[in-house]
file my_file14.cif (mmCIF, C-alpha atoms)
data_entry
loop_
_atom_site.label_atom_id
_atom_site.label_comp_id
_atom_site.auth_asym_id
_atom_site.auth_seq_id
_atom_site.Cartn_x
_atom_site.Cartn_y
_atom_site.Cartn_z
CA MET A 1 -19.19 -13.31 26.51
CA THR A 2 -17.44 -13.36 29.90
CA ARG A 3 -14.18 -11.55 30.48
CA ASP A 4 -12.25 -14.83 30.55
CA ARG A 5 -13.71 -15.86 27.22
CA VAL A 6 -12.76 -12.51 25.74
CA VAL A 7 -9.23 -12.97 27.01
CA ASP A 8 -9.14 -16.54 25.63
CA TRP A 9 -10.29 -15.24 22.26
CA LEU A 10 -7.78 -12.40 22.21
CA VAL A 11 -4.95 -14.68 23.30
CA PRO A 12 -5.63 -18.15 21.91
CA VAL A 13 -3.46 -21.21 22.21
CA ALA A 14 -1.93 -22.42 18.96
CA PRO A 15 0.84 -24.77 17.82
CA ALA A 16 4.20 -23.30 16.90
CA GLU A 17 3.66 -24.18 13.24
CA ARG A 18 0.84 -21.65 12.88
CA LEU A 19 3.02 -18.69 13.78
CA ALA A 20 6.02 -20.18 11.96
CA THR A 21 4.03 -20.58 8.75
CA LEU A 22 2.92 -16.96 8.97
CA ARG A 23 6.57 -15.95 9.47
CA LEU A 24 7.62 -17.95 6.46
CA ALA A 25 4.94 -16.39 4.25
CA VAL A 26 5.52 -12.82 5.43
CA GLY A 27 9.28 -13.18 5.16
CA ALA A 28 9.14 -14.65 1.65
CA PHE A 29 6.62 -12.09 0.45
CA THR A 30 8.63 -9.19 1.85
CA THR A 31 11.88 -10.51 0.37
CA VAL A 32 10.37 -10.74 -3.12
CA TYR A 33 8.60 -7.40 -2.77
CA LEU A 34 11.76 -5.57 -1.70
CA LEU A 35 13.85 -7.16 -4.46
CA ILE A 36 11.31 -6.39 -7.19
CA ARG A 37 11.12 -2.79 -6.06
CA ALA A 38 14.85 -2.45 -5.36
CA PRO A 39 15.38 0.32 -7.96
CA ILE A 40 12.77 2.51 -6.25
CA PHE A 41 14.29 2.01 -2.79
CA LEU A 42 17.85 2.50 -3.99
CA ASP A 43 16.81 5.70 -5.77
CA LEU A 44 15.59 7.23 -2.49
CA GLY A 45 19.10 8.41 -1.67
CA ASP A 46 19.28 10.56 -4.82
CA ARG A 47 15.98 12.39 -4.60
CA PRO A 48 15.96 16.18 -4.37
CA ARG A 49 15.97 17.35 -0.79
CA SER A 50 13.11 19.77 -1.44
CA THR A 51 10.64 16.90 -1.88
CA PHE A 52 11.47 15.34 1.50
CA SER A 53 8.55 15.32 3.92
CA PRO A 54 9.46 13.06 6.85
CA LEU A 55 6.76 11.28 8.83
CA GLY A 56 6.21 8.39 11.23
CA VAL A 57 9.43 7.08 12.75
CA TRP A 58 11.36 9.61 10.63
CA ALA A 59 9.30 12.66 11.63
CA TRP A 60 12.24 13.99 13.68
CA LEU A 61 14.54 14.28 10.64
CA ASP A 62 15.36 17.74 9.28
CA GLU A 63 17.17 16.44 6.21
CA PRO A 64 17.10 13.25 4.12
CA LEU A 65 19.32 10.40 5.22
CA PRO A 66 22.67 10.01 3.43
CA ALA A 67 22.41 7.84 0.30
CA GLY A 68 24.80 5.26 1.75
CA PHE A 69 22.64 4.88 4.85
CA VAL A 70 19.53 4.29 2.72
CA ILE A 71 21.34 1.63 0.70
CA GLY A 72 22.53 0.03 3.94
CA LEU A 73 19.00 0.08 5.33
CA PHE A 74 17.71 -1.59 2.17
CA VAL A 75 20.40 -4.29 2.38
CA VAL A 76 19.60 -4.94 6.04
CA ALA A 77 15.87 -5.14 5.26
CA VAL A 78 16.45 -7.63 2.42
CA LEU A 79 18.91 -9.79 4.38
CA SER A 80 16.72 -9.85 7.48
CA SER A 81 13.69 -10.70 5.30
CA ILE A 82 15.61 -13.66 3.91
CA GLY A 83 16.81 -14.56 7.42
CA SER A 84 13.25 -14.33 8.70
CA THR A 85 11.99 -16.56 5.92
CA VAL A 86 14.44 -19.33 6.73
CA GLY A 87 14.22 -18.61 10.46
CA VAL A 88 17.90 -18.49 11.36
CA ALA A 89 19.22 -16.64 14.44
CA TYR A 90 15.70 -15.38 14.86
CA ARG A 91 16.12 -13.66 18.21
CA VAL A 92 18.30 -11.15 16.39
CA VAL A 93 17.01 -11.47 12.85
CA GLY A 94 13.31 -11.28 13.76
CA PRO A 95 13.36 -7.87 15.47
CA LEU A 96 15.80 -6.61 12.84
CA PHE A 97 13.34 -7.69 10.16
CA GLY A 98 10.41 -5.83 11.73
CA VAL A 99 12.33 -2.67 12.54
CA SER A 100 14.19 -2.44 9.22
CA VAL A 101 11.02 -2.94 7.17
CA LEU A 102 9.27 -0.28 9.25
CA ALA A 103 12.22 2.08 8.78
CA LEU A 104 12.63 1.46 5.04
CA LEU A 105 8.98 1.61 4.01
CA GLY A 106 8.36 4.53 6.37
CA TYR A 107 11.26 6.37 4.78
CA ARG A 108 9.89 5.65 1.35
CA SER A 109 6.57 7.23 2.32
CA SER A 110 8.44 10.30 3.55
CA TRP A 111 8.71 11.80 0.08
CA GLY A 112 5.37 13.51 -0.29
CA GLN A 113 3.12 10.49 -0.75
CA ILE A 114 2.14 7.86 1.79
CA LEU A 115 1.96 4.42 0.20
CA TRP A 116 -0.91 2.93 2.18
CA PHE A 117 -0.68 -0.50 0.63
CA GLU A 118 2.70 -0.97 2.34
CA ILE A 119 1.26 -0.46 5.83
CA PRO A 120 0.04 -4.06 6.33
CA ILE A 121 3.48 -5.32 5.30
CA VAL A 122 5.03 -3.28 8.10
CA ILE A 123 2.42 -4.41 10.65
CA PHE A 124 2.96 -8.08 9.81
CA ALA A 125 6.75 -7.74 9.78
CA LEU A 126 6.70 -6.12 13.22
CA ILE A 127 4.37 -8.73 14.72
CA VAL A 128 6.14 -11.84 13.40
CA GLY A 129 9.54 -10.22 13.88
CA LEU A 130 8.95 -9.61 17.57
CA ALA A 131 7.29 -12.99 18.20
CA PRO A 132 8.87 -16.43 18.81
CA ALA A 133 8.08 -17.30 15.22
CA ALA A 134 11.01 -19.55 14.35
CA GLU A 135 10.49 -22.44 16.75
CA SER A 136 9.21 -24.53 13.87
CA ARG A 137 9.32 -24.49 10.07
CA ARG A 138 12.83 -23.16 9.99
CA LEU A 139 15.96 -24.19 8.24
CA GLY A 140 17.07 -27.46 9.80
CA ARG A 141 13.94 -27.76 11.95
CA TRP A 142 10.93 -28.19 9.71
CA ARG A 143 9.19 -30.87 11.77
CA PRO A 144 6.83 -29.81 14.59
CA PRO A 145 8.70 -28.85 17.76
CA ILE A 146 8.55 -30.69 21.03
CA SER A 147 7.03 -27.69 22.81
CA PRO A 148 3.23 -27.94 23.14
CA PRO A 149 0.72 -25.46 21.72
CA SER A 150 0.92 -22.18 23.57
CA ILE A 151 -0.41 -18.65 23.75
CA ARG A 152 3.13 -17.58 22.76
CA TYR A 153 2.32 -18.81 19.25
CA GLY A 154 -1.40 -18.12 19.11
CA TRP A 155 -1.38 -14.55 20.37
CA PRO A 156 0.79 -12.96 17.63
CA VAL A 157 -1.29 -14.62 14.91
CA GLN A 158 -4.53 -13.40 16.45
CA LEU A 159 -3.04 -9.92 16.83
CA ALA A 160 -2.05 -9.93 13.15
CA ALA A 161 -5.60 -10.99 12.25
CA MET A 162 -7.13 -8.18 14.29
CA ALA A 163 -4.68 -5.65 12.87
CA ILE A 164 -5.40 -6.47 9.24
CA ILE A 165 -9.13 -6.39 9.92
CA ALA A 166 -8.70 -3.00 11.60
CA THR A 167 -7.03 -1.57 8.49
CA TYR A 168 -10.06 -2.51 6.38
CA VAL A 169 -12.49 -1.01 8.89
CA ILE A 170 -10.44 2.20 8.97
CA ALA A 171 -10.46 2.35 5.16
CA GLY A 172 -14.25 1.96 5.22
CA ILE A 173 -14.59 4.72 7.81
CA ALA A 174 -12.41 6.98 5.62
CA LYS A 175 -14.75 6.53 2.67
CA LEU A 176 -17.80 7.48 4.71
CA ARG A 177 -15.95 10.33 6.40
CA TYR A 178 -14.36 11.93 3.33
CA GLY A 179 -16.78 10.79 0.65
CA GLY A 180 -20.06 10.26 2.48
CA ILE A 181 -22.53 7.52 1.69
CA GLU A 182 -22.75 8.81 -1.89
CA TRP A 183 -19.17 7.57 -2.37
CA ALA A 184 -20.80 4.26 -3.30
CA ALA A 185 -23.18 5.76 -5.87
CA PHE A 186 -22.67 5.11 -9.58
CA GLU A 187 -21.37 8.49 -10.74
CA PRO A 188 -18.68 8.98 -8.07
CA MET A 189 -17.59 5.36 -8.57
CA ARG A 190 -17.49 5.78 -12.36
CA ASN A 191 -15.56 9.02 -11.99
CA GLN A 192 -13.13 7.33 -9.58
CA ILE A 193 -12.43 4.53 -12.04
CA ALA A 194 -12.16 7.02 -14.93
CA PHE A 195 -9.84 9.21 -12.86
CA THR A 196 -7.31 6.44 -12.31
CA ALA A 197 -7.42 5.53 -16.01
CA VAL A 198 -6.97 9.11 -17.22
CA ARG A 199 -4.18 9.68 -14.74
CA LEU A 200 -2.31 6.72 -16.17
CA GLU A 201 -2.85 7.92 -19.74
CA ILE A 202 -1.63 11.46 -19.12
CA PHE A 203 1.48 9.90 -17.59
CA GLY A 204 2.00 8.04 -20.86
CA GLU A 205 0.98 4.65 -19.48
CA PRO A 206 -1.78 2.36 -20.76
CA SER A 207 -4.99 2.09 -18.76
CA SER A 208 -6.97 -1.09 -18.31
CA PRO A 209 -8.87 -2.30 -21.38
CA LEU A 210 -11.80 -2.99 -19.03
CA VAL A 211 -12.26 0.67 -18.11
CA ARG A 212 -14.18 1.93 -21.12
CA PRO A 213 -16.80 -0.88 -21.11
CA ILE A 214 -17.30 -0.49 -17.35
CA LEU A 215 -18.06 3.23 -17.65
CA ASP A 216 -21.29 2.28 -19.42
CA MET A 217 -22.44 -0.16 -16.73
CA PRO A 218 -24.21 1.84 -14.01
CA ALA A 219 -25.48 -1.24 -12.21
CA LEU A 220 -21.99 -2.67 -11.91
CA GLY A 221 -20.61 0.67 -10.72
CA SER A 222 -23.21 1.00 -7.96
CA LEU A 223 -22.85 -2.63 -6.94
CA ALA A 224 -19.08 -2.27 -6.73
CA GLY A 225 -19.37 0.86 -4.57
CA VAL A 226 -21.78 -0.69 -2.10
CA ALA A 227 -19.78 -3.92 -2.03
CA VAL A 228 -16.54 -2.10 -1.20
CA ILE A 229 -18.12 -0.27 1.75
CA ALA A 230 -19.84 -3.46 2.97
CA VAL A 231 -16.68 -5.54 2.72
CA GLU A 232 -14.55 -2.98 4.54
CA LEU A 233 -16.94 -2.16 7.36
CA GLY A 234 -18.01 -5.79 7.65
CA ALA A 235 -14.42 -6.99 8.04
CA PRO A 236 -14.75 -7.87 11.77
CA LEU A 237 -17.12 -10.68 10.78
CA ALA A 238 -14.08 -12.51 9.46
CA LEU A 239 -12.78 -12.80 13.01
CA LEU A 240 -15.70 -15.09 13.83
CA GLY A 241 -14.08 -17.75 11.65
CA GLY A 242 -15.81 -20.50 9.68
CA ARG A 243 -17.85 -19.70 6.61
CA LEU A 244 -18.20 -16.02 7.43
CA ARG A 245 -14.42 -15.69 7.40
CA THR A 246 -14.06 -17.62 4.16
CA MET A 247 -16.81 -15.62 2.48
CA TRP A 248 -15.27 -12.34 3.62
CA VAL A 249 -11.83 -13.36 2.41
CA ALA A 250 -13.27 -14.34 -0.97
CA ALA A 251 -15.18 -11.05 -1.21
CA VAL A 252 -12.23 -8.88 -0.27
CA TRP A 253 -9.92 -10.75 -2.62
CA LEU A 254 -12.41 -10.23 -5.45
CA MET A 255 -12.53 -6.54 -4.54
CA HIS A 256 -8.76 -6.26 -4.86
CA ALA A 257 -8.80 -8.27 -8.08
CA PHE A 258 -11.47 -5.95 -9.51
CA ILE A 259 -9.44 -2.89 -8.52
CA ALA A 260 -6.29 -4.36 -10.02
CA ALA A 261 -8.05 -5.33 -13.25
CA THR A 262 -9.89 -2.07 -13.80
CA MET A 263 -7.69 0.55 -12.18
CA PHE A 264 -4.26 -1.13 -12.31
CA ILE A 265 -3.92 -0.44 -8.58
CA VAL A 266 -2.33 -3.43 -6.91
CA PHE A 267 -2.50 -4.09 -3.19
CA PRO A 268 0.04 -6.89 -3.17
CA LEU A 269 -0.34 -8.33 0.33
CA PRO A 270 -4.07 -9.16 -0.02
CA LEU A 271 -3.90 -9.90 -3.72
CA PHE A 272 -1.34 -12.64 -3.09
CA GLY A 273 -3.36 -13.87 -0.12
CA VAL A 274 -0.73 -13.19 2.57
CA ALA A 275 -2.92 -10.59 4.31
CA PHE A 276 -5.54 -13.23 5.11
CA LEU A 277 -3.27 -15.98 6.44
CA PRO A 278 -3.67 -15.05 10.13
CA LEU A 279 -7.39 -15.77 9.80
CA PHE A 280 -6.74 -19.45 9.14
CA ASP A 281 -5.33 -22.43 11.04
CA LEU A 282 -2.19 -22.45 8.95
CA GLU A 283 -0.67 -25.51 10.63
CA ARG A 284 -3.29 -27.68 8.94
CA TRP A 285 -2.01 -26.68 5.51
CA THR A 286 1.66 -27.23 6.27
CA ARG A 287 1.03 -30.48 8.17
CA ARG A 288 -0.85 -31.79 5.16
CA ASN A 289 2.05 -30.82 2.94
CA ALA A 290 4.60 -32.25 5.36
CA ASN A 291 2.76 -35.53 5.47
CA MET B 1 0.02 -18.15 32.76
CA VAL B 2 -3.30 -16.41 33.53
CA GLU B 3 -1.50 -13.16 34.30
CA GLY B 4 0.56 -13.39 31.10
CA ARG B 5 -2.57 -14.02 29.12
CA ARG B 6 -4.31 -10.96 30.55
CA ILE B 7 -1.31 -8.76 29.88
CA ARG B 8 -1.20 -9.97 26.29
CA ALA B 9 -4.93 -9.33 25.93
CA ILE B 10 -4.44 -5.76 27.14
CA VAL B 11 -1.55 -5.29 24.69
CA SER B 12 -3.78 -6.55 21.86
CA VAL B 13 -6.51 -4.09 22.75
CA LEU B 14 -3.96 -1.27 22.98
CA VAL B 15 -2.39 -2.14 19.62
CA VAL B 16 -5.74 -2.24 17.82
CA ALA B 17 -6.84 0.93 19.59
CA GLY B 18 -3.55 2.50 18.50
CA LEU B 19 -4.39 1.72 14.88
CA PHE B 20 -7.55 3.80 15.31
CA VAL B 21 -5.78 6.80 16.86
CA PRO B 22 -5.22 8.47 13.44
CA VAL B 23 -8.97 8.13 12.80
CA ALA B 24 -9.74 9.95 16.04
CA LEU B 25 -7.15 12.64 15.31
CA ASP B 26 -7.92 12.74 11.57
CA ARG B 27 -4.18 12.72 10.95
CA ASP B 28 -2.61 10.43 8.36
CA SER B 29 0.89 9.06 8.82
CA PHE B 30 2.85 5.84 8.35
CA PRO B 31 2.22 3.14 9.55
CA LEU B 32 -0.54 4.68 11.69
CA SER B 33 -2.93 5.88 9.04
CA THR B 34 -6.47 6.97 8.25
CA HIS B 35 -6.23 4.87 5.05
CA PRO B 36 -7.87 7.58 2.93
CA MET B 37 -6.91 6.10 -0.45
CA TYR B 38 -9.50 7.02 -3.06
CA ALA B 39 -11.93 7.93 -0.27
CA THR B 40 -13.27 11.18 -1.71
CA ALA B 41 -16.51 11.04 -3.70
CA ARG B 42 -15.84 12.38 -7.19
CA HIS B 43 -19.17 13.96 -8.03
CA ASP B 44 -17.71 16.09 -10.80
CA PRO B 45 -16.28 14.22 -13.80
CA VAL B 46 -14.11 17.24 -14.62
CA GLU B 47 -10.70 17.19 -12.92
CA ARG B 48 -7.63 19.38 -12.97
CA LEU B 49 -4.74 16.97 -13.36
CA PRO B 50 -1.07 17.95 -13.18
CA THR B 51 1.34 16.30 -15.58
CA VAL B 52 4.58 16.80 -17.47
CA VAL B 53 4.78 16.52 -21.26
CA GLY B 54 7.42 16.74 -23.96
CA VAL B 55 7.18 19.09 -26.96
CA ASP B 56 8.99 18.65 -30.27
CA ALA B 57 10.38 21.31 -32.65
CA THR B 58 7.04 21.69 -34.44
CA GLY B 59 5.16 22.33 -31.21
CA VAL B 60 3.48 18.91 -31.08
CA PHE B 61 3.36 17.50 -27.56
CA GLU B 62 3.84 13.91 -26.51
CA ARG B 63 3.13 12.13 -23.27
CA LEU B 64 6.17 11.14 -21.25
CA THR B 65 6.31 8.12 -18.94
CA LEU B 66 6.14 7.68 -15.17
CA GLY B 67 9.84 6.90 -15.17
CA LEU B 68 10.72 10.11 -17.02
CA ILE B 69 8.29 12.27 -15.09
CA ALA B 70 9.02 11.12 -11.57
CA ALA B 71 11.46 8.19 -11.63
CA THR B 72 8.72 5.91 -10.34
CA ASP B 73 6.32 3.25 -11.54
CA ASP B 74 3.50 4.49 -9.32
CA PRO B 75 1.07 7.10 -10.70
CA LEU B 76 0.12 8.10 -7.15
CA VAL B 77 3.73 9.02 -6.44
CA ALA B 78 4.11 10.89 -9.74
CA GLN B 79 0.91 12.83 -9.19
CA ALA B 80 1.95 13.79 -5.66
CA ARG B 81 5.39 14.85 -6.82
CA ILE B 82 4.03 17.21 -9.48
CA ARG B 83 1.29 18.57 -7.21
CA ASN B 84 3.72 19.15 -4.36
CA ALA B 85 6.23 20.84 -6.68
CA ILE B 86 3.57 23.20 -8.05
CA ALA B 87 2.19 23.93 -4.58
CA ALA B 88 5.68 24.77 -3.31
CA GLY B 89 6.55 26.91 -6.35
CA ARG B 90 9.20 24.40 -7.45
CA GLU B 91 7.74 23.55 -10.84
CA HIS B 92 10.82 24.93 -12.66
CA GLU B 93 13.05 22.68 -10.56
CA LEU B 94 10.87 19.69 -11.43
CA CYS B 95 10.87 20.70 -15.10
CA ALA B 96 14.67 20.75 -15.14
CA GLU B 97 14.83 17.30 -13.50
CA VAL B 98 12.49 15.80 -16.07
CA ALA B 99 14.33 17.51 -18.93
CA ASP B 100 17.55 15.98 -17.63
CA ARG B 101 16.03 12.48 -17.68
CA VAL B 102 14.58 13.08 -21.16
CA SER B 103 17.98 14.19 -22.47
CA ASN B 104 19.40 10.81 -21.42
CA ASP B 105 16.63 8.84 -23.12
CA ALA B 106 17.62 7.95 -26.69
CA GLY B 107 14.00 7.22 -27.57
CA ARG B 108 13.02 10.83 -26.84
CA SER B 109 15.51 12.56 -29.12
CA SER B 110 12.72 14.53 -30.81
CA VAL B 111 11.68 16.21 -27.56
CA ASP B 112 13.05 19.75 -27.39
CA LEU B 113 11.00 21.17 -24.54
CA VAL B 114 9.46 19.88 -21.33
CA ARG B 115 6.33 21.44 -19.87
CA VAL B 116 4.86 21.11 -16.41
CA GLN B 117 1.17 21.74 -16.87
CA ILE B 118 -2.27 21.32 -15.37
CA GLU B 119 -4.87 19.87 -17.69
CA ARG B 120 -8.59 20.32 -17.08
CA ILE B 121 -10.13 17.11 -18.31
CA ASP B 122 -13.62 15.64 -18.56
CA LEU B 123 -12.63 12.18 -17.35
CA VAL B 124 -15.44 10.25 -19.01
CA GLY B 125 -15.33 12.25 -22.26
CA PHE B 126 -11.55 11.81 -22.43
CA LEU B 127 -11.91 8.04 -22.28
CA THR B 128 -15.09 7.41 -24.25
CA ASP B 129 -15.00 10.17 -26.89
CA ASP B 130 -11.29 11.03 -27.02
CA GLU B 131 -12.14 14.55 -25.85
CA PRO B 132 -8.99 16.65 -25.44
CA PRO B 133 -8.42 18.63 -22.22
CA ASP B 134 -10.72 21.69 -21.87
CA THR B 135 -7.84 23.90 -20.87
CA VAL B 136 -4.11 23.50 -20.39
CA GLN B 137 -2.31 25.74 -17.95
CA VAL B 138 1.45 25.69 -18.47
CA ARG B 139 3.24 26.19 -15.15
CA ALA B 140 6.83 25.75 -16.29
CA GLU B 141 8.69 25.18 -19.53
CA CYS B 142 12.31 24.22 -19.96
CA GLU B 143 14.69 23.19 -22.70
CA VAL B 144 16.09 19.69 -23.13
CA ARG B 145 19.86 20.17 -23.36
CA ARG B 146 21.82 17.52 -25.22
#

call {"tool": "encode", "arguments": {"input": "my_file14.cif", "output": "C-alpha cells"}}
result
Amino acid sequence: MTRDRVVDWLVPVAPAERLATLRLAVGAFTTVYLLIRAPIFLDLGDRPRSTFSPLGVWAWLDEPLPAGFVIGLFVVAVLSSIGSTVGVAYRVVGPLFGVSVLALLGYRSSWGQILWFEIPIVIFALIVGLAPAAESRRLGRWRPPISPPSIRYGWPVQLAAMAIIATYVIAGIAKLRYGGIEWAAFEPMRNQIAFTAVRLEIFGEPSSPLVRPILDMPALGSLAGVAVIAVELGAPLALLGGRLRTMWVAAVWLMHAFIAATMFIVFPLPLFGVAFLPLFDLERWTRRNAN
Amino acid sequence: MVEGRRIRAIVSVLVVAGLFVPVALDRDSFPLSTHPMYATARHDPVERLPTVVGVDATGVFERLTLGLIAATDDPLVAQARIRNAIAAGREHELCAEVADRVSNDAGRSSVDLVRVQIERIDLVGFLTDDEPPDTVQVRAECEVRR
C-alpha cells in the first residue's frame, strides 16, 4: 500500500450523516447510561476520603472533590449528553460532552478500582464531541446537509473505529502478558468463571444459573478461552470491512453475550452494539429509515 | 486539503499509538489503560476472597448485599474496596461503615455484628458441592448500633 493510500484509508471521505449518526448513538447511549447509574455517580461525593486514589486527569488531586462539584459535574455530563444527542449548539455542547464524560468517569475510577468497560464510552465521547458531528441528523436539521462528503466527517469515524479495535487488541495482549497462553486452557477458564460466580454469592447476590452446568463442559471452556484470545488479537481484521468485519462483530458480540450470561459481567457499549457502529457505513441505515 | 489530510493521518497514528503507551509502560490508568480485566490465569481453584458478613445473636452468619457492603452494584468495586481497606489497615473503618448501613436496613434487624473477613474457598467445590470455605480469617468485627 502506498503512503497516499494509507493516508486515504486513515482519513476517508464520508457524508455528514455518518458522523452525525455516530454522535446520535453515542449521545443517547451515554445519556441513558449516566441516568441509570445516577445513584452511583451522585454517591461519589460522600465516599470516605481514605479510599480516594486519583488517576488519569485527576491524578494531580490531593483530596476528593467537594460533593457539590461532583453533583455539578454529573449534571453537566447528563445535560451535555442530551445536548449532544439532539445536536444543539454543538460547538459548545460537543466539547463539553467529551470533557465532562472524561472527567466524570475518570473521577469514578479514582476510588480504588478502574472500571475498564467505561473507557470506550470516554473515547467515543471525546472523538464525537470534538468533531463537527452535528451538521446533520440534529434537531431541526434531520435531512442531509448541503455540504458534500468530506474528510471532516470521515476521519473522526475512522479514528473511533481504530480506537475501539485498539482496546480489544490491548485486552488480548494483557491476557497473554499476565496470564500466558495457558489463560485459554480449560482449568483457568473454568476457575475464572467460577471465581466471578463465587464472588457474587459471597456478596449475597445470585450468580448465573448457567455457571454450574458450564463447569462440567471442558470442551466449551477451552473453546471459549481460545475464542476470546482470537477475537481480541484478531480485531484489526474488522478494519478491512466487508464480511471479515461483520464476522468479527458477530463473534465479539457473542463473546460479550456469553460473558454477560455466564458471569453477569456486562460491557454495555459493545453489548448494545454502539461500540461497533464506526465500523459501518451508518448513513445507509439512517437514509433507509429517512426514506 | 492534502496537507490537512496528512496532518489528520498523523494525529490518528499518534492517538492509536497513545492508546498503546500503557502497554509499553505496563501502567494502568483511565482512560489510557492496559485493559487487564480478568487477564490472570487462575490455575488454582482455591482463592482467598475478602467479604463482609452479618452475624445474628446466635452466632449464625448471613451474607450481606453489594449495596450494604460497598454502596455499589458492581462486585469488582466491592472486592476492591474491601481488599484496599484490608491492605491499608482500615478494615475497622470499613466495618463501621457497613454496620451503619446495616443499622438503617429494616430487613436486617436480626444482624447484631458485622465482620470483615477473608474466606479461603475452593471455587468449583463451593459451586458444585456446596463446600463451605476451608478457612475464615476475621479481620474486623463491629457491633450494629440501633

call {"tool": "resolve_selection", "arguments": {"input": "my_file14.cif", "expression": "the PyMOL selection byres ((chain A) within 7 of (chain B))", "output": "PyMOL selection string"}}
result
chain A and resi 7+10-11+40+55-56+106+112-114+116+119+159+163+166+170-171+174-175+178-179+182-183+187-188+191-192+194-195+198+200+202-205+212

call {"tool": "residues_near_point", "arguments": {"input": "my_file14.cif", "point": "(10.2, 15.5, -24.4)", "cutoff": "6 Å", "atoms": "only C-alpha atoms", "output": "list in words"}}
result
Gly54, Val55, Val102, Arg108, Val111, Asp112, Leu113 and Val114 of chain B

call {"tool": "closest_residue", "arguments": {"input": "my_file14.cif", "among": "A:Leu244, A:Leu19, A:Val78, A:Ile123", "to": "Arg138 in chain A", "atoms": "only C-alpha atoms"}}
result
A:Leu19

call {"tool": "atom_distance", "arguments": {"input": "my_file14.cif", "atom1": "CA of Leu73 in chain A", "atom2": "CA of Thr85 in chain A"}}
result
18.1 Å

call {"tool": "atom_distance", "arguments": {"input": "my_file14.cif", "atom1": "CA of Leu176 in chain A", "atom2": "CA of Arg245 in chain A"}}
result
23.6 Å

call {"tool": "resolve_selection", "arguments": {"input": "my_file14.cif", "expression": "the PyMOL selection byres ((chain A and resi 93) around 10)", "output": "list in words"}}
result
Val76, Ala77, Leu79, Ser80, Ser81, Ile82, Gly83, Ser84, Thr85, Gly87, Val88, Ala89, Tyr90, Arg91, Val92, Gly94, Pro95, Leu96, Phe97, Gly98, Val99, Gly129 and Leu130 of chain A

call {"tool": "atom_distance", "arguments": {"input": "my_file14.cif", "atom1": "CA of Met263 in chain A", "atom2": "CA of Val211 in chain A"}}
result
7.5 Å

call {"tool": "resolve_selection", "arguments": {"input": "my_file14.cif", "expression": "the PyMOL selection byres ((chain A and resi 233) around 9)", "output": "ChimeraX atom specification"}}
result
/A:168-173,228-232,234-236

call {"tool": "write_last_selection", "arguments": {"input": "my_file14.cif", "atoms": "C-alpha atoms", "output": "compact mmCIF listing (two decimals), in the coordinates of the input"}}
result
# COMPACT_ATOMS: atom_id res chain seq x y z
CA TYR A 168 -10.06 -2.51 6.38
CA VAL A 169 -12.49 -1.01 8.89
CA ILE A 170 -10.44 2.20 8.97
CA ALA A 171 -10.46 2.35 5.16
CA GLY A 172 -14.25 1.96 5.22
CA ILE A 173 -14.59 4.72 7.81
CA VAL A 228 -16.54 -2.10 -1.20
CA ILE A 229 -18.12 -0.27 1.75
CA ALA A 230 -19.84 -3.46 2.97
CA VAL A 231 -16.68 -5.54 2.72
CA GLU A 232 -14.55 -2.98 4.54
CA GLY A 234 -18.01 -5.79 7.65
CA ALA A 235 -14.42 -6.99 8.04
CA PRO A 236 -14.75 -7.87 11.77
